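Peer 1: Next up is a structure, given as structure tokens.
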Protein chains: 2
Amino acid sequence: MTPIPNSNRQILLVSRPQGAVSEDSFRIVDAAVPEISDGQVLVRNHYLSLDPYMRGRLNDAKSYADPQPLDEVMIGGTVGEVIDSKFDGLEAGDRVVGMGGWQLVSAQAGNSLRKLPPGLPLSVFLGAVGMPGVTAWIGLMTIGEPKAGETVVVSSAAGAVGGVVGQLAKARGCRAVGIAGGPEKCRYVTEELGFDACLDYKAGDLYARLKAATPDGIDVYFENVGGEIFDTVIRRLNPFARIPVCGWISSYDSGALYPIRNLPIILTMRARMQGFIVSEHLEHWADALRELGELVAAGRIKYRERITEGLEKAPAEFIGLLHGANFGKQLIKLI
Amino acid sequence: MTPIPNSNRQILLVSRPQGAVSEDSFRIVDAAVPEISDGQVLVRNHYLSLDPYMRGRLNDAKSYADPQPLDEVMIGGTVGEVIDSKFDGLEAGDRVVGMGGWQLVSAQAGNSLRKLPPGLPLSVFLGAVGMPGVTAWIGLMTIGEPKAGETVVVSSAAGAVGGVVGQLAKARGCRAVGIAGGPEKCRYVTEELGFDACLDYKAGDLYARLKAATPDGIDVYFENVGGEIFDTVIRRLNPFARIPVCGWISSYDSGALYPIRNLPIILTMRARMQGFIVSEHLEHWADALRELGELVAAGRIKYRERITEGLEKAPAEFIGLLHGANFGKQLIKLI
């Protein structure tokens, strides 16, 4: 049984970044362990997930989600153990996943938590069998609609979402081609994850290498980065290609947006491009989690974690994540 | 009964334009009236339709259709009268629509022609109850999916496609806002076609005026022009907006493509953008033609034609069409 800590260490957002994020936007504080009211449970968070979507929340701009409020605990997905419960259906010792935020302990509505099955390590429910995996599944299956024999390309292929996209595509009988930054990530994508090819976008002349790696063109492009890579990849689209747009990380930090010049290809190829966010497709979560859990348990979906110990490391690791410095699903170990 | 002319005047494409189209790319010739073989009919073309899609065919580039071959008769939609038939189901005197090309007489496969119902003037089957009207219907209904109370914006609103888009949107209970070039076209769009508003893109600060004209944002943007107008309009998209991409006329002539900077909005608004061409959705043509015919007959879809007499005028009128100089569905009268 996990002990209750004496105080609850938290990280708050204290200012909105102008351009690149710096650690100055965050402050670490020690607060009292919260009391729980009826319907709530107290959770000792074991792992905090750091994800690119958090960058959008730092801005005070019109987007799909409200901005992260200033001087409040940063939002974030967590897995942990229930240490006290005033909610029927969860009791001390249960393993749960939810939005516990950047803190050691959280008081959460019991009905906002998902109780985790036994058999897999806790951290995987923040990755391949969690929000990133479900994001890959929903974007690929409901927008990408891959058919056996088609070619699926995914950017950020070494990332938590991109890695699952390619492995799901392989499981569907597709050719999977990744794009990632650097030879180490690319080796991982092909040798460990089993993609058919992976292109290092830092190595120059991406278009020529993409052309060689996609001899039959591209039927599905799962987009995580946008910008210049998007403008290059769409030149290889086949007629009726589908583009699930999951992220556009290339512009998250910058006010000056990369100018896209090849967009008329959407018309000439009669392509379909669609943005989505995973939390708006709850109807697919159960199917997605079932398949992802089975494929991970069977070793057919592999993943890599980068686990950093200590809540105080979260801001620096988050900044690294935004710049592609981190390799593996970024987690902060809190216990 | 229409007489058979002594010779068949034709316009050929003789060179591919580099940049802007000029009349030098075309040549007028007088050929023999063709013989027809089994399954064919001989048609005396009455009207030739000039349409923006023809610009794409002049290039030797990868696109949805094969390039127009050099030294052959320019492709084009025509309405006319059957003057001889070796096809069961069509006989002399029947009114038909088909792809007769830029010429006075055409030998066409009988099964490629649609026999026209009585009651409406022949020319309307090249416009509101023809390919442009069906283009509007298919893009709006199958990709735009407008719901009553939503706001539909369409560019080239005074054009043959755009005008029908807005009137169909009004018939569905939507707010219809057009974008067109110049005050005369805008007056026509609001006063004659009944759009709720029309914005002159030449009048400066399009975004501010668009914002005022779309107080509830934009749910459907039917795109005919692309480029800077696209980049401006998408700033007003609502969550889950749909963008049927029918044309991108702003770049048809130019190699230097306008740089789109606001594309991440597709993600933040979870919008869907899809290119289409009308000839790939044959399953919807019957429904579309039925509704369009009824609405035109009832005076609920209005349209304007610009009829120029003489095949030799086709190149100049086509060039004007590409530059927005023409006002009304551009037709060439051939008889």
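Residues are named by chain letter and number: chains run A, B, ... in the order of the structure tokens, numbers start at 1 in each chain, and ligands are numbered from 1 in the order shown.
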Apply DSSP to the structure's backbone, then extract all residues of segment 75-315 of chain A labelled helix (DSSP H, G or I) and return them as a ChimeraX atom specification.
Peer 2: /A:110-112,122-126,131-144,160-171,183-192,201-203,206-213,227-236,249-251,265-268,278-280,282-297,311-315
Peer 1: Which residues of chain B come within 8 Å of chain A, and for each one, what is the closest pair of atoms and their distance in Å to one decimal, counting only C-alpha atoms, sorted by chain and residue number, as a Markdown table?
Peer 2:
| residue | atom | partner | partner_atom | distance |
| --- | --- | --- | --- | --- |
| B:Ser63 | CA | A:Thr268 | CA | 5.1 |
| B:Tyr64 | CA | A:Thr268 | CA | 5.5 |
| B:Gly226 | CA | A:Pro264 | CA | 7.8 |
| B:Pro239 | CA | A:Tyr64 | CA | 7.6 |
| B:Val245 | CA | A:Leu267 | CA | 6.0 |
| B:Cys246 | CA | A:Leu267 | CA | 7.0 |
| B:Gly247 | CA | A:Leu267 | CA | 7.0 |
| B:Trp248 | CA | A:Pro264 | CA | 6.5 |
| B:Leu257 | CA | A:Arg261 | CA | 5.4 |
| B:Tyr258 | CA | A:Arg261 | CA | 6.1 |
| B:Pro259 | CA | A:Pro259 | CA | 4.6 |
| B:Ile260 | CA | A:Ile260 | CA | 4.8 |
| B:Arg261 | CA | A:Pro259 | CA | 4.9 |
| B:Asn262 | CA | A:Leu257 | CA | 7.2 |
| B:Leu263 | CA | A:Ile260 | CA | 7.8 |
| B:Pro264 | CA | A:Trp248 | CA | 6.4 |
| B:Ile266 | CA | A:Gly275 | CA | 5.5 |
| B:Leu267 | CA | A:Gly275 | CA | 4.1 |
| B:Thr268 | CA | A:Ser63 | CA | 5.1 |
| B:Met269 | CA | A:Tyr64 | CA | 6.3 |
| B:Arg270 | CA | A:Gly275 | CA | 4.1 |
| B:Ala271 | CA | A:Gly275 | CA | 5.5 |
| B:Arg272 | CA | A:Gln274 | CA | 4.2 |
| B:Met273 | CA | A:Met273 | CA | 5.2 |
| B:Gln274 | CA | A:Arg272 | CA | 4.2 |
| B:Gly275 | CA | A:Arg270 | CA | 4.1 |
| B:Phe276 | CA | A:Arg270 | CA | 4.9 |
| B:Ile277 | CA | A:Arg270 | CA | 7.2 |
Peer 1: So that I can check the surroundings of segment 297-314 of chain A, please list as a PyMOL selection string every protein, DNA and RNA residue that reaches within 10 Å of it, counting only C-alpha atoms and ignoring chain neighbours fewer than 2 positions away.
Peer 2: chain A and resi 9-11+23+26-29+47-50+102-104+119-120+123-124+127-129+133+158-161+163-168+170-171+188-189+192-194+291-295+316-320+326-335
Peer 1: Those same residues, written as a PDB file, in the first residue's frame with C-alpha atoms?
Peer 2:
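Wrote it out as part19.pdb, contents follow:
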ATOM      1  CA  ARG A   9       4.475  18.819  -4.766  1.00  0.00           C
ATOM      2  CA  GLN A  10       2.955  20.519  -7.818  1.00  0.00           C
ATOM      3  CA  ILE A  11       4.034  22.401 -10.940  1.00  0.00           C
ATOM      4  CA  GLU A  23      11.331  26.775 -17.705  1.00  0.00           C
ATOM      5  CA  PHE A  26       6.616  27.063 -14.644  1.00  0.00           C
ATOM      6  CA  ARG A  27       6.898  27.166 -10.842  1.00  0.00           C
ATOM      7  CA  ILE A  28       7.216  24.282  -8.403  1.00  0.00           C
ATOM      8  CA  VAL A  29       5.263  24.530  -5.126  1.00  0.00           C
ATOM      9  CA  TYR A  47       3.806   8.377 -13.668  1.00  0.00           C
ATOM     10  CA  LEU A  48       3.026  11.648 -15.394  1.00  0.00           C
ATOM     11  CA  SER A  49       2.813  11.680 -19.189  1.00  0.00           C
ATOM     12  CA  LEU A  50       4.323  14.565 -21.164  1.00  0.00           C
ATOM     13  CA  TRP A 102       1.723  17.651 -12.788  1.00  0.00           C
ATOM     14  CA  GLN A 103       1.618  16.722  -9.098  1.00  0.00           C
ATOM     15  CA  LEU A 104       2.251  13.837  -6.716  1.00  0.00           C
ATOM     16  CA  GLY A 119      -1.141  -7.985 -16.593  1.00  0.00           C
ATOM     17  CA  LEU A 120       0.603  -5.006 -18.171  1.00  0.00           C
ATOM     18  CA  SER A 123       3.262   2.999 -17.562  1.00  0.00           C
ATOM     19  CA  VAL A 124       1.953   1.423 -20.777  1.00  0.00           C
ATOM     20  CA  GLY A 127       1.517   5.161 -23.986  1.00  0.00           C
ATOM     21  CA  ALA A 128       0.700   2.391 -26.403  1.00  0.00           C
ATOM     22  CA  VAL A 129      -2.422   1.325 -24.473  1.00  0.00           C
ATOM     23  CA  GLY A 133      -2.069   4.610 -28.731  1.00  0.00           C
ATOM     24  CA  ALA A 158       9.668   7.237 -33.319  1.00  0.00           C
ATOM     25  CA  GLY A 159       7.149   9.025 -31.119  1.00  0.00           C
ATOM     26  CA  ALA A 160       4.485   7.494 -28.939  1.00  0.00           C
ATOM     27  CA  VAL A 161       1.733   8.045 -31.495  1.00  0.00           C
ATOM     28  CA  GLY A 163       5.238   4.278 -33.632  1.00  0.00           C
ATOM     29  CA  VAL A 164       1.822   2.762 -33.026  1.00  0.00           C
ATOM     30  CA  VAL A 165       0.479   4.134 -36.321  1.00  0.00           C
ATOM     31  CA  GLY A 166       3.082   2.248 -38.332  1.00  0.00           C
ATOM     32  CA  GLN A 167       2.709  -0.993 -36.402  1.00  0.00           C
ATOM     33  CA  LEU A 168      -1.086  -0.884 -36.741  1.00  0.00           C
ATOM     34  CA  LYS A 170       1.662  -3.294 -40.696  1.00  0.00           C
ATOM     35  CA  ALA A 171      -0.925  -5.361 -38.809  1.00  0.00           C
ATOM     36  CA  TYR A 188      14.678   2.014 -34.045  1.00  0.00           C
ATOM     37  CA  VAL A 189      11.662   2.569 -36.298  1.00  0.00           C
ATOM     38  CA  GLU A 192      12.595  -2.558 -33.520  1.00  0.00           C
ATOM     39  CA  LEU A 193       9.173  -1.394 -34.684  1.00  0.00           C
ATOM     40  CA  GLY A 194       9.316  -3.213 -38.015  1.00  0.00           C
ATOM     41  CA  GLU A 291      -6.916  -4.150 -29.865  1.00  0.00           C
ATOM     42  CA  LEU A 292      -3.947  -2.179 -28.554  1.00  0.00           C
ATOM     43  CA  GLY A 293      -3.847  -4.215 -25.339  1.00  0.00           C
ATOM     44  CA  GLU A 294      -3.934  -7.463 -27.306  1.00  0.00           C
ATOM     45  CA  LEU A 295      -1.213  -6.383 -29.738  1.00  0.00           C
ATOM     46  CA  ALA A 316      12.904  20.565 -18.982  1.00  0.00           C
ATOM     47  CA  GLU A 317      11.759  17.227 -20.385  1.00  0.00           C
ATOM     48  CA  PHE A 318       8.656  18.822 -21.840  1.00  0.00           C
ATOM     49  CA  ILE A 319      10.781  21.410 -23.628  1.00  0.00           C
ATOM     50  CA  GLY A 320      13.026  18.649 -24.971  1.00  0.00           C
ATOM     51  CA  ASN A 326      13.671  13.021 -26.423  1.00  0.00           C
ATOM     52  CA  PHE A 327      13.489   9.475 -27.682  1.00  0.00           C
ATOM     53  CA  GLY A 328      10.694   7.271 -26.408  1.00  0.00           C
ATOM     54  CA  LYS A 329       7.401   8.024 -24.716  1.00  0.00           C
ATOM     55  CA  GLN A 330       8.301  10.700 -22.200  1.00  0.00           C
ATOM     56  CA  LEU A 331       7.221   9.851 -18.659  1.00  0.00           C
ATOM     57  CA  ILE A 332       8.012  11.421 -15.310  1.00  0.00           C
ATOM     58  CA  LYS A 333       8.313   8.926 -12.457  1.00  0.00           C
ATOM     59  CA  LEU A 334       6.739  10.391  -9.353  1.00  0.00           C
ATOM     60  CA  ILE A 335       7.389   7.719  -6.728  1.00  0.00           C
TER      61      ILE A 335
END
Peer 1: Determine, counting only C-alpha atoms, which protein, DNA and RNA residues have an atom within 10 Å of an atom of Val82 of chain A; residues of the same chain fewer than 3 positions away are not included. Present the result as a list in words.
Peer 2: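 In the requested format, the answer is Met1, Thr2, Val41, Leu42, Val43, Arg44, Asn45, Val79, Ser85, Leu90, Glu91, Ala92, Gly93, Asp94, Arg95, Val96, Val105, Ser106, Ala107, Gly110 and Lys115 of chain A.
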Peer 1: Quick one: of A:Phe125, A:Asp51, A:Gln40, A:Gly101, who's nearest to Ile83 of chain A, counting only C-alpha atoms?
Peer 2: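 Selected residue with least distance to Ile83 of chain A: A:Gln40.
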Peer 1: Point out the residue among B:His323, B:Leu140, B:Pro17, B:Pro215 with the least atom-to-atom distance to Gly181 of chain B, counting only C-alpha atoms.
Peer 2: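 Among B:His323, B:Leu140, B:Pro17, B:Pro215, it is B:His323 that comes nearest to Gly181 of chain B.
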Peer 1: Might you pull out every residue within 12 Å of Ala203 of chain A, with only C-alpha atoms counted and same-chain residues fewer than 5 positions away left off, and present them as a list in words?
Peer 2: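 Once the adjacent positions are removed, what remains is Ile179, Ala180, Gly181, Gly182, Pro183, Cys186, Cys198, Ala208, Arg209 and Leu210 of chain A.
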Peer 1: I need the residues in segment 73-301 of chain A that are strand (DSSP E or B) according to DSSP; give them as JSON, numbers by chain.
Peer 2: {"A": [73, 78, 79, 80, 81, 82, 83, 84, 85, 95, 96, 97, 98, 103, 105, 106, 107, 108, 109, 114, 115, 151, 152, 153, 154, 155, 175, 176, 177, 178, 179, 180, 197, 198, 199, 200, 218, 219, 220, 221, 222, 223, 237, 238, 239, 240, 241, 242, 243, 244, 245, 260, 272, 273, 274, 275]}
